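One file, structure_9.cif, is given below (mmCIF, C-alpha atoms).
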data_entry
#
loop_
_atom_site.group_PDB
_atom_site.id
_atom_site.type_symbol
_atom_site.label_atom_id
_atom_site.label_comp_id
_atom_site.auth_asym_id
_atom_site.auth_seq_id
_atom_site.Cartn_x
_atom_site.Cartn_y
_atom_site.Cartn_z
ATOM 1 C CA MET R 302 93.852 115.131 90.069
ATOM 2 C CA GLU R 303 97.435 114.377 90.985
ATOM 3 C CA ALA R 304 97.159 110.801 89.694
ATOM 4 C CA GLU R 305 95.839 112.020 86.332
ATOM 5 C CA GLY R 306 98.714 114.506 86.114
ATOM 6 C CA LYS R 307 101.256 111.716 86.543
ATOM 7 C CA ILE R 308 99.593 109.642 83.846
ATOM 8 C CA GLY R 309 99.491 112.686 81.570
ATOM 9 C CA GLN R 310 103.213 113.284 81.959
ATOM 10 C CA GLN R 311 103.929 109.657 81.079
ATOM 11 C CA GLU R 312 101.695 109.743 78.013
ATOM 12 C CA LYS R 313 103.289 112.946 76.699
ATOM 13 C CA LYS R 314 106.524 111.014 76.340
ATOM 14 C CA MET R 315 104.796 108.339 74.250
ATOM 15 C CA THR R 316 103.515 108.461 70.685
ATOM 16 C CA ARG R 317 99.827 107.875 70.004
ATOM 17 C CA LYS R 318 100.639 104.442 68.594
ATOM 18 C CA GLU R 319 102.611 103.527 71.715
ATOM 19 C CA ILE R 320 99.763 104.683 73.946
ATOM 20 C CA LEU R 321 97.221 102.583 72.042
ATOM 21 C CA GLU R 322 99.506 99.553 72.090
ATOM 22 C CA ARG R 323 100.037 99.942 75.821
ATOM 23 C CA LYS R 324 96.300 100.205 76.505
ATOM 24 C CA LYS R 325 95.647 97.166 74.317
ATOM 25 C CA ALA R 326 98.313 95.177 76.150
ATOM 26 C CA ILE R 327 96.790 96.088 79.520
ATOM 27 C CA GLU R 328 93.311 95.115 78.314
ATOM 28 C CA ASN R 329 94.670 91.749 77.191
ATOM 29 C CA VAL R 330 96.294 91.191 80.587
ATOM 30 C CA ILE R 331 92.953 91.784 82.304
ATOM 31 C CA LYS R 332 91.056 89.596 79.834
ATOM 32 C CA SER R 333 93.568 86.803 80.283
ATOM 33 C CA ALA R 334 93.351 86.974 84.079
ATOM 34 C CA SER R 335 89.544 87.116 84.051
ATOM 35 C CA ALA R 336 89.360 84.069 81.781
ATOM 36 C CA VAL R 337 91.056 81.771 84.323
ATOM 37 C CA LYS R 338 88.375 79.566 85.882
ATOM 38 C CA ASP R 339 90.330 78.441 88.935
ATOM 39 C CA HIS R 340 93.084 80.713 90.213
ATOM 40 C CA LEU R 341 93.666 78.294 93.071
ATOM 41 C CA SER R 342 95.081 75.816 90.569
ATOM 42 C CA PHE R 343 98.302 77.868 90.531
ATOM 43 C CA PHE R 344 98.565 77.802 94.331
ATOM 44 C CA PRO R 345 97.593 74.290 95.459
ATOM 45 C CA GLN R 346 99.151 74.888 98.893
ATOM 46 C CA PHE R 347 96.319 77.374 99.550
ATOM 47 C CA ARG R 348 93.524 74.883 98.899
ATOM 48 C CA HIS R 349 93.520 73.879 102.562
ATOM 49 C CA TYR R 350 93.833 75.791 105.804
ATOM 50 C CA ARG R 351 94.481 74.300 109.207
ATOM 51 C CA THR R 352 95.029 75.934 112.602
ATOM 52 C CA ASN R 353 94.337 74.893 116.209
ATOM 53 C CA GLY R 354 91.725 72.281 115.339
ATOM 54 C CA PHE R 355 90.028 74.367 112.647
ATOM 55 C CA TYR R 356 90.089 72.885 109.125
ATOM 56 C CA ALA R 357 88.995 74.543 105.908
ATOM 57 C CA HIS R 358 88.947 73.735 102.197
ATOM 58 C CA LEU R 359 89.039 76.528 99.604
ATOM 59 C CA GLU R 360 87.417 76.470 96.184
ATOM 60 C CA SER R 361 87.001 78.934 93.332
ATOM 61 C CA GLY R 362 83.716 80.250 91.994
ATOM 62 C CA CYS R 363 82.188 82.661 89.476
ATOM 63 C CA GLY R 364 79.416 85.213 90.007
ATOM 64 C CA ASN R 365 77.194 84.088 87.138
ATOM 65 C CA LYS R 366 77.376 80.446 88.227
ATOM 66 C CA LEU R 367 76.354 80.727 91.870
ATOM 67 C CA THR R 368 73.669 78.381 93.155
ATOM 68 C CA LEU R 369 70.550 79.814 94.794
ATOM 69 C CA HIS R 370 71.776 78.479 98.147
ATOM 70 C CA THR R 371 75.125 80.250 97.754
ATOM 71 C CA LYS R 372 73.473 83.519 96.717
ATOM 72 C CA ARG R 373 71.321 83.462 99.841
ATOM 73 C CA TYR R 374 74.330 82.662 102.001
ATOM 74 C CA ILE R 375 76.265 85.623 100.569
ATOM 75 C CA GLN R 376 73.312 87.972 101.086
ATOM 76 C CA ASN R 377 72.818 86.858 104.688
ATOM 77 C CA LEU R 378 76.510 87.106 105.601
ATOM 78 C CA LEU R 379 76.785 90.545 104.018
ATOM 79 C CA LYS R 380 73.826 91.762 106.036
ATOM 80 C CA LEU R 381 75.165 90.230 109.244
ATOM 81 C CA ASN R 382 78.616 91.769 108.886
ATOM 82 C CA MET R 383 78.015 95.024 107.034
ATOM 83 C CA GLU R 384 74.684 96.471 108.141
ATOM 84 C CA ALA R 385 76.226 98.054 111.247
ATOM 85 C CA PRO R 386 79.295 99.653 109.567
ATOM 86 C CA TYR R 387 77.149 101.088 106.745
ATOM 87 C CA GLY R 388 74.420 102.335 109.053
ATOM 88 C CA PRO R 389 71.649 104.244 107.217
ATOM 89 C CA GLU R 390 73.428 103.681 103.898
ATOM 90 C CA TRP R 391 73.004 99.911 104.098
ATOM 91 C CA ARG R 392 69.578 99.643 102.427
ATOM 92 C CA ALA R 393 70.826 101.240 99.201
ATOM 93 C CA GLU R 394 74.229 99.548 99.399
ATOM 94 C CA GLU R 395 72.672 96.105 99.844
ATOM 95 C CA LYS R 396 70.906 96.411 96.488
ATOM 96 C CA ILE R 397 74.180 97.319 94.802
ATOM 97 C CA LYS R 398 75.984 94.379 96.378
ATOM 98 C CA ARG R 399 73.283 91.951 95.250
ATOM 99 C CA ARG R 400 73.822 93.023 91.651
ATOM 100 C CA GLU R 401 77.606 92.945 91.959
ATOM 101 C CA MET R 402 77.778 89.461 93.438
ATOM 102 C CA VAL R 403 76.199 87.728 90.404
ATOM 103 C CA ALA R 404 78.174 89.499 87.656
ATOM 104 C CA LYS R 405 80.200 87.262 85.347
ATOM 105 C CA GLU R 406 83.290 89.350 86.202
ATOM 106 C CA ALA R 407 82.962 88.416 89.875
ATOM 107 C CA CYS R 408 85.627 85.902 90.938
ATOM 108 C CA TYR R 409 85.232 84.049 94.231
ATOM 109 C CA ILE R 410 87.221 82.074 96.737
ATOM 110 C CA PHE R 411 84.875 80.161 99.058
ATOM 111 C CA VAL R 412 85.978 78.857 102.451
ATOM 112 C CA HIS R 413 84.376 75.541 103.475
ATOM 113 C CA GLU R 414 84.734 74.350 107.044
ATOM 114 C CA ILE R 415 85.466 70.618 107.132
ATOM 115 C CA SER R 416 85.139 68.033 109.874
ATOM 116 C CA ASN R 417 87.991 66.762 112.029
ATOM 117 C CA GLU R 418 87.878 63.446 110.158
ATOM 118 C CA ASP R 419 88.281 65.149 106.793
ATOM 119 C CA GLY R 420 90.877 67.393 108.402
ATOM 120 C CA ASP R 421 92.940 64.382 109.346
ATOM 121 C CA GLU R 422 92.654 63.099 105.783
ATOM 122 C CA MET R 423 93.632 66.533 104.502
ATOM 123 C CA SER R 424 96.790 66.586 106.617
ATOM 124 C CA THR R 425 97.961 63.321 105.038
ATOM 125 C CA LEU R 426 97.614 64.555 101.467
ATOM 126 C CA GLU R 427 101.058 64.627 99.920
ATOM 127 C CA ASP R 428 99.966 65.951 96.550
ATOM 128 C CA ARG R 429 98.013 69.126 97.275
ATOM 129 C CA GLU R 430 97.071 69.416 93.597
ATOM 130 C CA THR R 431 94.951 66.292 93.872
ATOM 131 C CA THR R 432 91.251 67.107 94.206
ATOM 132 C CA CYS R 433 90.210 66.006 97.679
ATOM 133 C CA SER R 434 86.824 64.765 98.835
ATOM 134 C CA CYS R 435 86.498 67.376 101.601
ATOM 135 C CA GLU R 436 82.973 68.726 102.008
ATOM 136 C CA GLY R 437 81.505 71.187 104.444
ATOM 137 C CA PRO R 438 79.460 74.366 104.853
ATOM 138 C CA ILE R 439 80.680 77.713 103.570
ATOM 139 C CA VAL R 440 81.916 79.943 106.405
ATOM 140 C CA GLY R 441 83.307 82.830 104.366
ATOM 141 C CA PHE R 442 84.346 84.095 100.950
ATOM 142 C CA VAL R 443 86.345 86.617 98.947
ATOM 143 C CA HIS R 444 84.811 88.408 95.970
ATOM 144 C CA TYR R 445 87.443 89.964 93.707
ATOM 145 C CA ARG R 446 87.781 91.234 90.136
ATOM 146 C CA PHE R 447 90.466 92.168 87.633
ATOM 147 C CA ILE R 448 89.875 95.786 86.580
ATOM 148 C CA LEU R 449 91.571 98.994 85.462
ATOM 149 C CA GLU R 450 92.045 101.614 88.165
ATOM 150 C CA GLU R 451 93.550 104.897 86.893
ATOM 151 C CA GLU R 452 94.893 102.943 83.878
ATOM 152 C CA VAL R 453 96.619 100.460 86.183
ATOM 153 C CA PRO R 454 95.546 96.785 86.090
ATOM 154 C CA VAL R 455 94.594 95.748 89.611
ATOM 155 C CA VAL R 456 92.813 93.101 91.626
ATOM 156 C CA TYR R 457 89.946 94.885 93.331
ATOM 157 C CA VAL R 458 88.683 93.070 96.428
ATOM 158 C CA TYR R 459 84.961 93.750 96.574
ATOM 159 C CA GLU R 460 84.351 91.652 99.679
ATOM 160 C CA LEU R 461 86.228 89.661 102.273
ATOM 161 C CA GLN R 462 83.577 88.209 104.548
ATOM 162 C CA LEU R 463 83.948 85.646 107.329
ATOM 163 C CA GLU R 464 81.410 84.373 109.813
ATOM 164 C CA PRO R 465 82.069 85.849 113.275
ATOM 165 C CA ARG R 466 82.802 82.419 114.772
ATOM 166 C CA VAL R 467 85.728 81.784 112.377
ATOM 167 C CA GLN R 468 87.279 85.231 112.688
ATOM 168 C CA GLY R 469 90.473 85.565 114.693
ATOM 169 C CA LYS R 470 91.889 82.308 113.287
ATOM 170 C CA GLY R 471 94.215 83.859 110.721
ATOM 171 C CA LEU R 472 91.861 83.190 107.817
ATOM 172 C CA GLY R 473 91.624 86.832 106.759
ATOM 173 C CA LYS R 474 95.397 87.174 106.468
ATOM 174 C CA PHE R 475 95.652 83.806 104.693
ATOM 175 C CA LEU R 476 93.051 84.838 102.126
ATOM 176 C CA MET R 477 94.629 88.231 101.469
ATOM 177 C CA GLN R 478 98.029 86.584 100.975
ATOM 178 C CA LEU R 479 96.377 84.369 98.373
ATOM 179 C CA ILE R 480 94.780 87.366 96.644
ATOM 180 C CA GLU R 481 98.159 89.128 96.494
ATOM 181 C CA LEU R 482 99.739 86.035 94.946
ATOM 182 C CA ILE R 483 96.923 85.862 92.393
ATOM 183 C CA ALA R 484 97.498 89.538 91.582
ATOM 184 C CA CYS R 485 101.228 89.067 91.011
ATOM 185 C CA LYS R 486 100.728 85.844 89.040
ATOM 186 C CA ASN R 487 98.403 87.688 86.670
ATOM 187 C CA ARG R 488 100.667 90.738 86.333
ATOM 188 C CA MET R 489 98.417 93.137 88.222
ATOM 189 C CA GLY R 490 100.032 96.302 89.560
ATOM 190 C CA ALA R 491 98.221 96.341 92.895
ATOM 191 C CA VAL R 492 95.487 95.033 95.147
ATOM 192 C CA VAL R 493 92.837 97.668 95.875
ATOM 193 C CA LEU R 494 89.843 97.576 98.210
ATOM 194 C CA THR R 495 87.288 99.816 99.912
ATOM 195 C CA VAL R 496 86.739 99.932 103.676
ATOM 196 C CA GLN R 497 84.054 101.737 105.665
ATOM 197 C CA ARG R 498 85.746 104.159 108.040
ATOM 198 C CA ALA R 499 83.327 103.042 110.754
ATOM 199 C CA ASN R 500 84.743 99.516 110.440
ATOM 200 C CA LEU R 501 87.750 100.253 112.626
ATOM 201 C CA SER R 502 88.794 96.625 113.053
ATOM 202 C CA ALA R 503 89.009 96.281 109.270
ATOM 203 C CA MET R 504 91.038 99.502 108.964
ATOM 204 C CA ASN R 505 93.487 98.236 111.568
ATOM 205 C CA PHE R 506 93.595 94.796 109.948
ATOM 206 C CA TYR R 507 94.508 96.020 106.467
ATOM 207 C CA ILE R 508 96.758 98.930 107.413
ATOM 208 C CA GLY R 509 98.264 97.702 110.662
ATOM 209 C CA LYS R 510 98.656 93.988 109.944
ATOM 210 C CA LEU R 511 98.883 93.725 106.163
ATOM 211 C CA GLY R 512 100.678 96.940 105.243
ATOM 212 C CA TYR R 513 98.027 98.560 103.040
ATOM 213 C CA THR R 514 97.913 102.365 102.711
ATOM 214 C CA ILE R 515 95.152 104.858 102.034
ATOM 215 C CA SER R 516 95.347 105.349 98.279
ATOM 216 C CA ALA R 517 95.876 108.568 96.371
ATOM 217 C CA ILE R 518 92.506 107.882 94.697
ATOM 218 C CA SER R 519 90.651 107.696 98.036
ATOM 219 C CA PRO R 520 88.233 110.635 98.505
ATOM 220 C CA SER R 521 90.141 111.923 101.536
ATOM 221 C CA ARG R 522 93.320 112.158 99.415
ATOM 222 C CA VAL R 523 91.729 113.579 96.274
ATOM 223 C CA ASP R 524 89.942 116.337 98.215
ATOM 224 C CA PRO R 525 89.970 116.519 102.041
ATOM 225 C CA LEU R 526 86.630 118.358 102.041
ATOM 226 C CA LEU R 527 85.079 115.702 99.804
ATOM 227 C CA GLY R 528 86.604 113.038 102.033
ATOM 228 C CA LEU R 529 84.688 114.389 105.016
ATOM 229 C CA GLU R 530 81.453 113.708 103.149
ATOM 230 C CA LYS R 531 82.354 110.119 102.315
ATOM 231 C CA SER R 532 82.062 107.194 104.711
ATOM 232 C CA TYR R 533 84.829 105.080 103.178
ATOM 233 C CA GLU R 534 88.511 104.942 102.313
ATOM 234 C CA ILE R 535 90.175 103.227 99.348
ATOM 235 C CA LEU R 536 93.235 101.211 100.368
ATOM 236 C CA CYS R 537 95.959 99.705 98.207
ATOM 237 C CA LYS R 538 99.140 97.645 98.135
ATOM 238 C CA THR R 539 101.258 98.151 95.010
ATOM 239 C CA PHE R 540 103.706 95.774 93.332
ATOM 240 C CA ASP R 541 105.510 97.938 90.775
ATOM 241 C CA ASN R 542 106.770 101.499 90.328
ATOM 242 C CA GLU R 543 104.029 102.579 87.938
ATOM 243 C CA ALA R 544 101.245 101.456 90.249
ATOM 244 C CA GLN R 545 103.021 103.040 93.184
ATOM 245 C CA ALA R 546 103.332 106.385 91.397
ATOM 246 C CA VAL R 547 99.633 106.466 90.538
ATOM 247 C CA LEU R 548 97.905 104.773 93.458
ATOM 248 C CA GLU R 549 99.996 105.501 96.538
ATOM 249 C CA PHE R 550 99.981 108.690 98.568
ATOM 250 C CA GLU R 551 103.272 110.155 99.750
ATOM 251 C CA SER R 552 102.062 110.660 103.314
ATOM 252 C CA GLY R 553 100.700 107.125 103.615
ATOM 253 C CA LYS R 554 103.035 106.287 106.506
ATOM 254 C CA LEU R 555 101.742 109.210 108.542
ATOM 255 C CA CYS R 556 98.180 108.108 107.896
ATOM 256 C CA LYS R 557 99.069 104.575 108.974
ATOM 257 C CA GLY R 558 100.092 105.794 112.390
ATOM 258 C CA MET R 559 96.901 107.790 112.731
ATOM 259 C CA VAL R 560 94.683 104.840 111.912
ATOM 260 C CA LEU R 561 96.464 102.549 114.334
ATOM 261 C CA ALA R 562 95.750 105.026 117.087
ATOM 262 C CA LEU R 563 92.012 104.571 116.623
ATOM 263 C CA PRO R 564 90.190 102.504 119.264
ATOM 264 C CA LYS R 565 89.403 98.897 118.473
ATOM 265 C CA VAL R 566 85.839 97.663 118.046
ATOM 266 C CA SER R 567 84.090 94.325 118.341
ATOM 267 C CA LYS R 568 85.684 91.389 116.516
ATOM 268 C CA GLU R 569 82.240 90.626 115.122
ATOM 269 C CA LEU R 570 82.828 93.291 112.497
ATOM 270 C CA CYS R 571 84.123 91.552 109.413
ATOM 271 C CA TYR R 572 87.269 92.279 107.468
ATOM 272 C CA THR R 573 86.022 93.889 104.271
#
Output the file's structure in the form of structure tokens.
Amino acid sequence: MEAEGKIGQQEKKMTRKEILERKKAIENVIKSASAVKDHLSFFPQFRHYRTNGFYAHLESGCGNKLTLHTKRYIQNLLKLNMEAPYGPEWRAEEKIKRREMVAKEACYIFVHEISNEDGDEMSTLEDRETTCSCEGPIVGFVHYRFILEEEVPVVYVYELQLEPRVQGKGLGKFLMQLIELIACKNRMGAVVLTVQRANLSAMNFYIGKLGYTISAISPSRVDPLLGLEKSYEILCKTFDNEAQAVLEFESGKLCKGMVLALPKVSKELCYT
């Protein structure tokens, strides 16, 4: 693969000791990032979201510490939003997602809708680092992990799911901005995610609104014939030259224009 060739060229210029030290350093970066219990603590301004009468409180979570109620909520929202884009593949994919969501490596940001009264209290908080008393039902979440992708440390967004009634309020963009900040704070080279090609609103959201590109590691880039057999694309946004060299595709801008030309679909399809 082209990406492997680039890595190979870089490694040829390094001694074995340097290669091992580099890999160890990257592993430590990922371990350090994964060990943080609350990534929101570094970005207190993102703990609350407010727009046009809608109020939300964000909190962090971990896959192996989810309550039974939260697990059921995640399963139900996944089915509601993703069964249609996956089509016949959903039955098998649902089983995979159920295993993924409870892994100890799974990091979460949960979005809780809060009442107008709590929203008014929220707006008066001067110290956003102070733990507030806001409570409310979960209306969406992000599931992300710190992993190695082609020897590059990245934040991989496994899910970004919002209830249909809270979509279109800027929450998706707000959450992805937070994820990108978390990635940079923890010295990750990129944010990577997978999108079903049938989920056209999600493709337009990530590529058209957020500036993501179809990655060099996406099946359609690795082998166009293989890409025709796959129902998904891998998207990325890189933050340094090394990640860009490995994960981005030179013709990404052309692809961006092609995707934007696709027809839009119902807003009920989630951003994932």
Pick the closest to Val455 in chain R from R:Ile331, R:Ala404, R:Leu526, R:Met504: which is it, counting only C-alpha atoms?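 So, comparing all the options, the nearest one is R:Ile331.
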Evaluate the PyMOL selection byres ((chain R and resi 375-377) around 9) here and jot the selected residues down as a PyMOL selection string. chain R and resi 370-374+378-382+395+398-399+402+441-442+462
What is the CA of Gly362 in chain R-CA of Ile410 in chain R distance in Å, reported with one decimal?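 Between CA of Gly362 in chain R and CA of Ile410 in chain R the gap is 6.2 Å.
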Could you work out how far CA of Glu360 in chain R lies from CA of Arg348 in chain R, giving the answer in Å with one decimal? 6.9 Å
For the structure shown, which residues end up in the PyMOL selection byres ((chain R and resi 460) around 10)? Put them as a PyMOL selection string, please? chain R and resi 379+398+402+409+442-445+457-459+461-463+494-496+571-573
With distances taken over only C-alpha atoms, which residue among R:Gly354, R:Gly437, R:Gly364, R:Pro386 lies nearest Glu406 in chain R? R:Gly364
Find, counting all atoms listed in the file, the residue in R:Ala503, R:Ala407, R:Met383, R:Lys396 that gets nearest to Lys366 in chain R.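 Of the candidates, the smallest distance to Lys366 in chain R is held by R:Ala407.
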How would you write, as a list in words, the residues chosen by the PyMOL selection byres ((chain R and resi 532-544) around 6) on this structure?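 Output of the PyMOL selection byres ((chain R and resi 532-544) around 6): Gly490, Ala491, Val492, Val493, Leu494, Thr495, Val496, Gln497, Arg498, Tyr513, Thr514, Ile515, Ser516, Ser519, Lys531, Gln545, Ala546, Val547 and Leu548 of chain R.
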Distance query range 481-483 of chain R at most 7 Å, all atoms listed in the file, self and fewer than 3 positions along chain excluded, as a PyMOL selection string: chain R and resi 340+477-478+486-487+492
Using only C-alpha atoms, which residue out of R:Val467, R:Leu511, R:Met489, R:Val523 lies closest to Arg351 in chain R? R:Val467
Interatomic distance (Å, one decimal) between CA of Ala393 in chain R and CA of Val412 in chain R: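 Separation between CA of Ala393 in chain R and CA of Val412 in chain R: 27.2 Å.
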Tell me which of R:Asn329, R:Thr352, R:Thr368, R:Ser342 sits closest to Ile448 in chain R, counting only C-alpha atoms. R:Asn329
Give the answer as one residue: which of R:Ser521, R:Ser335, R:Ser502, R:Gln468 has the shortest atom-to-atom distance to Val456 in chain R, using only C-alpha atoms?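 Between R:Ser521, R:Ser335, R:Ser502, R:Gln468, the residue approaching Val456 in chain R most closely is R:Ser335.
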